[in-house]
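The structure appears below as structure tokens.
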Amino acid sequence: MVDDTADAVWTDDQIQDTLDEHKLRVQREYMEMEKTLVSASDYEYRIYHSRYGSFEEGGTAYFNIEAANGEQRAAGTYTADYVRGVVTMSADQAGSALYLTGWSYDLNGAAADCWRERAAKVSSYYNVDADGHRLSRSQWFDHCQDMAEMYARRERAITVRAWRHGLFGDN
């Protein structure tokens with residue numbers, strides 16, 4: 001997403017810091033269950049979907065599934081597609097509610113920040129015309145700006161709850 005392959009622009013720690021600025025704590029999110037027809041009249045509930053994706057892996061400290069009563073499901077009882085936010089249980093859950101807790105990252109927001117940083121680093125580049133040759137170095141800055149804008153348009157919307165102090169209608 002940030003063209004950081006051949007010569008690393010950022011260290012792993014710098015990338016992690018940028019990702020941490022764009023993480024969301026998902027706390028006991030009710031997961032939508034998928035009803036799957038297994039025979040003429042029988043259904044099973046094994047696939048559950050989160051509204052979010054790009055979850056952090058690393059065991060129950062970062063990602064866990066709970067039943068409605070708060071009982072944590074063992075990691076061996078399901079497989080997780082962390083990127084898509086989909087959990088597939090190894091056994092039918094008979095329509096039981098499951099809740100997800102974990103860290104979800106906004107990769108598009110982080111990529112937009114990285115492209116903005118790259119644009120800042122190349123902002124002093126200028127075009128050169130000499131002896132019939134032209135070097136358009138400023139195109140690199142324009143490219144970085146365009147990429148930052150593209151990823152910024154895709155980033156997760158930020159919502160906040162507004163609280164008002166005082167009686168309703170007071171100024």
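Residues are named by chain letter and number: chains run A, B, ... in the order of the structure tokens, numbers start at 1 in each chain, and ligands are numbered from 1 in the order shown.
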
| said: Residues within 7 Å of region 58-63 of chain A, please, as an NGL selection string. Count only C-alpha atoms; anything in the same chain fewer than 6 positions from it doesn't count. | reply: :A and (101-103)

| said: Can you tell me which residues surround Asp106 (chain A) at a distance of at most 12 Å, considering only C-alpha atoms, apart from same-chain residues fewer than 3 positions away, and format the answer as a PyMOL selection string? | reply: chain A and resi 18-25+52-56+83+103+109-113+151-152+154-158

With N, CA and C atoms retained, could you export that selection as a PDB file, in the first residue's frame?
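Written out: part26.pdb:
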ATOM      1  N   THR A  18       2.514   3.886  13.364  1.00  0.00           N
ATOM      2  CA  THR A  18       1.499   4.470  12.481  1.00  0.00           C
ATOM      3  C   THR A  18       0.212   3.653  12.540  1.00  0.00           C
ATOM      4  N   LEU A  19       0.338   2.334  12.532  1.00  0.00           N
ATOM      5  CA  LEU A  19      -0.850   1.485  12.648  1.00  0.00           C
ATOM      6  C   LEU A  19      -1.560   1.705  13.981  1.00  0.00           C
ATOM      7  N   ASP A  20      -0.788   1.866  15.051  1.00  0.00           N
ATOM      8  CA  ASP A  20      -1.385   2.078  16.367  1.00  0.00           C
ATOM      9  C   ASP A  20      -2.203   3.364  16.435  1.00  0.00           C
ATOM     10  N   GLU A  21      -1.839   4.352  15.622  1.00  0.00           N
ATOM     11  CA  GLU A  21      -2.620   5.587  15.560  1.00  0.00           C
ATOM     12  C   GLU A  21      -3.968   5.366  14.879  1.00  0.00           C
ATOM     13  N   HIS A  22      -4.100   4.240  14.189  1.00  0.00           N
ATOM     14  CA  HIS A  22      -5.323   3.948  13.440  1.00  0.00           C
ATOM     15  C   HIS A  22      -5.963   2.630  13.889  1.00  0.00           C
ATOM     16  N   LYS A  23      -5.893   2.343  15.175  1.00  0.00           N
ATOM     17  CA  LYS A  23      -6.512   1.107  15.648  1.00  0.00           C
ATOM     18  C   LYS A  23      -7.770   1.426  16.447  1.00  0.00           C
ATOM     19  N   LEU A  24      -8.657   0.473  16.444  1.00  0.00           N
ATOM     20  CA  LEU A  24      -9.937   0.609  17.128  1.00  0.00           C
ATOM     21  C   LEU A  24     -10.121  -0.597  18.034  1.00  0.00           C
ATOM     22  N   ARG A  25     -10.477  -0.356  19.272  1.00  0.00           N
ATOM     23  CA  ARG A  25     -10.767  -1.452  20.200  1.00  0.00           C
ATOM     24  C   ARG A  25     -12.214  -1.854  19.989  1.00  0.00           C
ATOM     25  N   TYR A  52     -16.087  -5.270  11.270  1.00  0.00           N
ATOM     26  CA  TYR A  52     -14.736  -4.768  11.075  1.00  0.00           C
ATOM     27  C   TYR A  52     -13.852  -5.853  10.479  1.00  0.00           C
ATOM     28  N   GLY A  53     -12.659  -5.457  10.083  1.00  0.00           N
ATOM     29  CA  GLY A  53     -11.666  -6.381   9.558  1.00  0.00           C
ATOM     30  C   GLY A  53     -10.286  -5.936   9.992  1.00  0.00           C
ATOM     31  N   SER A  54      -9.282  -6.548   9.420  1.00  0.00           N
ATOM     32  CA  SER A  54      -7.885  -6.232   9.730  1.00  0.00           C
ATOM     33  C   SER A  54      -7.612  -6.294  11.230  1.00  0.00           C
ATOM     34  N   PHE A  55      -7.976  -7.430  11.829  1.00  0.00           N
ATOM     35  CA  PHE A  55      -7.763  -7.634  13.261  1.00  0.00           C
ATOM     36  C   PHE A  55      -6.334  -8.080  13.531  1.00  0.00           C
ATOM     37  N   GLU A  56      -5.868  -7.754  14.719  1.00  0.00           N
ATOM     38  CA  GLU A  56      -4.542  -8.180  15.146  1.00  0.00           C
ATOM     39  C   GLU A  56      -4.598  -9.630  15.587  1.00  0.00           C
ATOM     40  N   VAL A  83      -8.265 -10.830   8.524  1.00  0.00           N
ATOM     41  CA  VAL A  83      -8.349  -9.755   7.543  1.00  0.00           C
ATOM     42  C   VAL A  83      -9.808  -9.393   7.269  1.00  0.00           C
ATOM     43  N   TRP A 103      -8.535  -5.929  18.495  1.00  0.00           N
ATOM     44  CA  TRP A 103      -8.026  -4.687  17.916  1.00  0.00           C
ATOM     45  C   TRP A 103      -8.155  -4.748  16.400  1.00  0.00           C
ATOM     46  N   GLY A 109      -6.214   4.307   6.504  1.00  0.00           N
ATOM     47  CA  GLY A 109      -5.824   5.514   7.233  1.00  0.00           C
ATOM     48  C   GLY A 109      -4.326   5.563   7.481  1.00  0.00           C
ATOM     49  N   ALA A 110      -3.749   4.423   7.846  1.00  0.00           N
ATOM     50  CA  ALA A 110      -2.302   4.358   8.075  1.00  0.00           C
ATOM     51  C   ALA A 110      -1.542   4.600   6.773  1.00  0.00           C
ATOM     52  N   ALA A 111      -2.032   4.030   5.673  1.00  0.00           N
ATOM     53  CA  ALA A 111      -1.371   4.229   4.374  1.00  0.00           C
ATOM     54  C   ALA A 111      -1.429   5.699   3.964  1.00  0.00           C
ATOM     55  N   ALA A 112      -2.548   6.358   4.210  1.00  0.00           N
ATOM     56  CA  ALA A 112      -2.668   7.781   3.877  1.00  0.00           C
ATOM     57  C   ALA A 112      -1.630   8.590   4.649  1.00  0.00           C
ATOM     58  N   ASP A 113      -1.447   8.282   5.929  1.00  0.00           N
ATOM     59  CA  ASP A 113      -0.439   8.984   6.729  1.00  0.00           C
ATOM     60  C   ASP A 113       0.970   8.760   6.181  1.00  0.00           C
ATOM     61  N   TYR A 151      -6.093   6.986  -0.408  1.00  0.00           N
ATOM     62  CA  TYR A 151      -6.264   6.172   0.794  1.00  0.00           C
ATOM     63  C   TYR A 151      -7.071   6.908   1.862  1.00  0.00           C
ATOM     64  N   ALA A 152      -6.942   8.219   1.934  1.00  0.00           N
ATOM     65  CA  ALA A 152      -7.728   8.992   2.903  1.00  0.00           C
ATOM     66  C   ALA A 152      -9.224   8.873   2.610  1.00  0.00           C
ATOM     67  N   ARG A 154     -10.659   6.294   1.515  1.00  0.00           N
ATOM     68  CA  ARG A 154     -11.067   4.932   1.867  1.00  0.00           C
ATOM     69  C   ARG A 154     -11.008   4.653   3.367  1.00  0.00           C
ATOM     70  N   GLU A 155     -10.429   5.567   4.143  1.00  0.00           N
ATOM     71  CA  GLU A 155     -10.221   5.260   5.557  1.00  0.00           C
ATOM     72  C   GLU A 155     -11.542   5.200   6.313  1.00  0.00           C
ATOM     73  N   ARG A 156     -11.501   4.540   7.444  1.00  0.00           N
ATOM     74  CA  ARG A 156     -12.678   4.318   8.287  1.00  0.00           C
ATOM     75  C   ARG A 156     -13.199   5.646   8.815  1.00  0.00           C
ATOM     76  N   ALA A 157     -14.504   5.802   8.749  1.00  0.00           N
ATOM     77  CA  ALA A 157     -15.122   7.012   9.292  1.00  0.00           C
ATOM     78  C   ALA A 157     -14.963   7.022  10.806  1.00  0.00           C
ATOM     79  N   ILE A 158     -14.722   8.185  11.348  1.00  0.00           N
ATOM     80  CA  ILE A 158     -14.583   8.336  12.786  1.00  0.00           C
ATOM     81  C   ILE A 158     -15.886   8.913  13.315  1.00  0.00           C
TER      82      ILE A 158
END

For region 1-65 of chain A versus region 144-148 of chain A, which residues have an atom no more than 12 Å away, and what is each residue's nearest atom pair and distance in Å rounded to one decimal, using only C-alpha atoms, chain-then-number order, as a Markdown table?
| residue | atom | partner | partner_atom | distance |
| --- | --- | --- | --- | --- |
| A:Met1 | CA | A:Met147 | CA | 9.1 |
| A:Val2 | CA | A:Met147 | CA | 8.5 |
| A:Asp3 | CA | A:Cys144 | CA | 10.4 |

So which residues touch Ala74 (chain A) within 9 Å, counting only C-alpha atoms, skipping near sequence neighbours fewer than 3 positions away, as a PDB file with N, CA and C atoms, in the first residue's frame?
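What ended up in result00.pdb:
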ATOM      1  N   THR A  60      -5.473 -14.861  22.540  1.00  0.00           N
ATOM      2  CA  THR A  60      -6.633 -14.264  23.191  1.00  0.00           C
ATOM      3  C   THR A  60      -6.343 -12.903  23.819  1.00  0.00           C
ATOM      4  N   ASN A  64     -10.505 -12.363  20.896  1.00  0.00           N
ATOM      5  CA  ASN A  64     -11.198 -13.490  21.516  1.00  0.00           C
ATOM      6  C   ASN A  64     -12.684 -13.459  21.232  1.00  0.00           C
ATOM      7  N   ILE A  65     -13.253 -14.649  21.318  1.00  0.00           N
ATOM      8  CA  ILE A  65     -14.671 -14.866  21.058  1.00  0.00           C
ATOM      9  C   ILE A  65     -15.313 -15.329  22.361  1.00  0.00           C
ATOM     10  N   THR A  77     -11.363 -23.996  19.018  1.00  0.00           N
ATOM     11  CA  THR A  77     -12.740 -24.307  18.615  1.00  0.00           C
ATOM     12  C   THR A  77     -13.204 -23.498  17.416  1.00  0.00           C
ATOM     13  N   TYR A  78     -12.323 -22.653  16.877  1.00  0.00           N
ATOM     14  CA  TYR A  78     -12.685 -21.852  15.712  1.00  0.00           C
ATOM     15  C   TYR A  78     -11.440 -21.495  14.911  1.00  0.00           C
TER      16      TYR A  78
END

| task | Would you mind writing down, as a PyMOL selection string, each residue of chain A that DSSP on the backbone assigns to strand (DSSP E or B)? | result | chain A and resi 23-30+32-37+43-49+55+63-67+72+78-81+86-89+98-105+127-130+133-136

| note | From the list A:Trp163, A:Glu149, A:Ser123, A:Gln72, the nearest residue to Arg137 (chain A) using only C-alpha atoms is A:Ser123

| Skipping near chain neighbours, those fewer than 6 positions away, what residues fall within 10 Å of Tyr43 (chain A) using only C-alpha atoms, listed as a PyMOL selection string? | chain A and resi 34-37+92+94-95

Dump of C-alpha atoms for the selected residues, as a tab-separated table (two decimals), in the first residue's frame:
chain	number	residue	atom	x	y	z
A	34	GLU	CA	-24.66	-16.99	8.92
A	35	LYS	CA	-27.43	-19.57	8.56
A	36	THR	CA	-26.22	-22.40	6.32
A	37	LEU	CA	-28.54	-25.00	4.79
A	92	ASP	CA	-22.61	-25.94	14.95
A	94	ALA	CA	-27.27	-23.78	17.13
A	95	GLY	CA	-27.88	-20.05	16.65

| message | For the alpha helix (DSSP H) assignment from backbone DSSP, which residues of chain A qualify? Please present them as JSON, numbers by chain. | response | {"A": [12, 13, 14, 15, 16, 17, 18, 19, 20, 107, 108, 109, 110, 111, 112, 113, 114, 115, 116, 117, 118, 119, 120, 121, 138, 139, 140, 141, 142, 143, 144, 145, 146, 147, 148, 149, 150, 151, 152, 153, 154]}

Same residues, N, CA and C atoms, saved as a compact mmCIF listing (two decimals), in the first residue's frame:
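So result-v8.txt came out as:
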# COMPACT_ATOMS: atom_id res chain seq x y z
N ASP A 12 10.08 -1.42 11.03
CA ASP A 12 8.89 -2.11 11.50
C ASP A 12 8.26 -1.36 12.67
N ASP A 13 9.07 -0.81 13.55
CA ASP A 13 8.55 -0.06 14.69
C ASP A 13 7.82 1.20 14.24
N GLN A 14 8.33 1.88 13.23
CA GLN A 14 7.66 3.07 12.72
C GLN A 14 6.32 2.72 12.08
N ILE A 15 6.28 1.63 11.34
CA ILE A 15 5.01 1.18 10.75
C ILE A 15 4.03 0.81 11.86
N GLN A 16 4.50 0.11 12.88
CA GLN A 16 3.62 -0.27 13.99
C GLN A 16 3.08 0.97 14.70
N ASP A 17 3.90 1.99 14.88
CA ASP A 17 3.44 3.23 15.50
C ASP A 17 2.34 3.89 14.67
N THR A 18 2.51 3.89 13.36
CA THR A 18 1.50 4.47 12.48
C THR A 18 0.21 3.65 12.54
N LEU A 19 0.34 2.33 12.53
CA LEU A 19 -0.85 1.48 12.65
C LEU A 19 -1.56 1.70 13.98
N ASP A 20 -0.79 1.87 15.05
CA ASP A 20 -1.38 2.08 16.37
C ASP A 20 -2.20 3.36 16.44
N LEU A 107 -6.15 0.11 7.85
CA LEU A 107 -4.95 0.11 7.00
C LEU A 107 -4.95 1.27 6.02
N ASN A 108 -6.13 1.66 5.54
CA ASN A 108 -6.18 2.79 4.61
C ASN A 108 -5.78 4.10 5.27
N GLY A 109 -6.21 4.31 6.50
CA GLY A 109 -5.82 5.51 7.23
C GLY A 109 -4.33 5.56 7.48
N ALA A 110 -3.75 4.42 7.85
CA ALA A 110 -2.30 4.36 8.08
C ALA A 110 -1.54 4.60 6.77
N ALA A 111 -2.03 4.03 5.67
CA ALA A 111 -1.37 4.23 4.37
C ALA A 111 -1.43 5.70 3.96
N ALA A 112 -2.55 6.36 4.21
CA ALA A 112 -2.67 7.78 3.88
C ALA A 112 -1.63 8.59 4.65
N ASP A 113 -1.45 8.28 5.93
CA ASP A 113 -0.44 8.98 6.73
C ASP A 113 0.97 8.76 6.18
N CYS A 114 1.26 7.52 5.80
CA CYS A 114 2.60 7.21 5.26
C CYS A 114 2.84 7.96 3.95
N TRP A 115 1.84 8.03 3.08
CA TRP A 115 2.01 8.76 1.82
C TRP A 115 2.17 10.25 2.07
N ARG A 116 1.48 10.79 3.09
CA ARG A 116 1.67 12.21 3.43
C ARG A 116 3.10 12.46 3.91
N GLU A 117 3.61 11.52 4.70
CA GLU A 117 4.98 11.65 5.18
C GLU A 117 5.97 11.60 4.02
N ARG A 118 5.72 10.71 3.09
CA ARG A 118 6.59 10.62 1.90
C ARG A 118 6.54 11.90 1.09
N ALA A 119 5.34 12.48 0.95
CA ALA A 119 5.21 13.74 0.21
C ALA A 119 6.02 14.84 0.88
N ALA A 120 6.02 14.86 2.20
CA ALA A 120 6.80 15.87 2.92
C ALA A 120 8.29 15.71 2.66
N LYS A 121 8.73 14.45 2.58
CA LYS A 121 10.16 14.20 2.35
C LYS A 121 10.62 14.62 0.96
N SER A 138 9.30 16.79 -9.56
CA SER A 138 8.12 17.21 -8.80
C SER A 138 6.95 16.24 -9.00
N GLN A 139 7.01 15.41 -10.02
CA GLN A 139 5.95 14.43 -10.23
C GLN A 139 5.89 13.44 -9.06
N TRP A 140 7.00 13.19 -8.42
CA TRP A 140 7.02 12.27 -7.27
C TRP A 140 6.18 12.85 -6.13
N PHE A 141 6.32 14.16 -5.88
CA PHE A 141 5.51 14.82 -4.85
C PHE A 141 4.03 14.71 -5.20
N ASP A 142 3.69 15.00 -6.47
CA ASP A 142 2.28 14.92 -6.90
C ASP A 142 1.74 13.50 -6.73
N HIS A 143 2.56 12.52 -7.07
CA HIS A 143 2.15 11.12 -6.93
C HIS A 143 1.87 10.79 -5.45
N CYS A 144 2.74 11.22 -4.56
CA CYS A 144 2.55 10.96 -3.13
C CYS A 144 1.26 11.61 -2.63
N GLN A 145 1.01 12.83 -3.06
CA GLN A 145 -0.22 13.53 -2.67
C GLN A 145 -1.45 12.79 -3.19
N ASP A 146 -1.40 12.34 -4.43
CA ASP A 146 -2.54 11.61 -5.00
C ASP A 146 -2.79 10.31 -4.25
N MET A 147 -1.74 9.59 -3.91
CA MET A 147 -1.90 8.33 -3.18
C MET A 147 -2.45 8.59 -1.77
N ALA A 148 -1.96 9.62 -1.11
CA ALA A 148 -2.46 9.97 0.22
C ALA A 148 -3.95 10.29 0.15
N GLU A 149 -4.35 11.04 -0.84
CA GLU A 149 -5.77 11.39 -1.00
C GLU A 149 -6.62 10.15 -1.29
N MET A 150 -6.12 9.27 -2.14
CA MET A 150 -6.88 8.06 -2.46
C MET A 150 -7.13 7.22 -1.21
N TYR A 151 -6.09 6.99 -0.41
CA TYR A 151 -6.26 6.17 0.79
C TYR A 151 -7.07 6.91 1.86
N ALA A 152 -6.94 8.22 1.93
CA ALA A 152 -7.73 8.99 2.90
C ALA A 152 -9.22 8.87 2.61
N ARG A 153 -9.60 8.80 1.34
CA ARG A 153 -11.01 8.63 0.98
C ARG A 153 -11.54 7.27 1.40
N ARG A 154 -10.66 6.29 1.52
CA ARG A 154 -11.07 4.93 1.87
C ARG A 154 -11.01 4.65 3.37

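Take the candidates A:Ala8, A:Ala67, A:Leu98, A:Ile47 and check each one against Thr79 (chain A) using only C-alpha atoms; the shortest distance goes to A:Ile47.
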
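Picture a line from CA of Ser50 (chain A) to CA of Ser90 (chain A); it runs 17.5 Å.
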
| query | When you draw a straight line from CA of Met89 (chain A) to CA of Tyr48 (chain A), how long is it in Å? | reply | 8.0 Å

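Nearest-residue note for Ala68 (chain A): choosing from A:Glu44, A:Val26, A:Met31, A:Ala80, the minimum distance belongs to A:Met31, counting only C-alpha atoms.
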
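Across the model, the gap from CA of Glu66 (chain A) to CA of Arg51 (chain A) is 16.3 Å.
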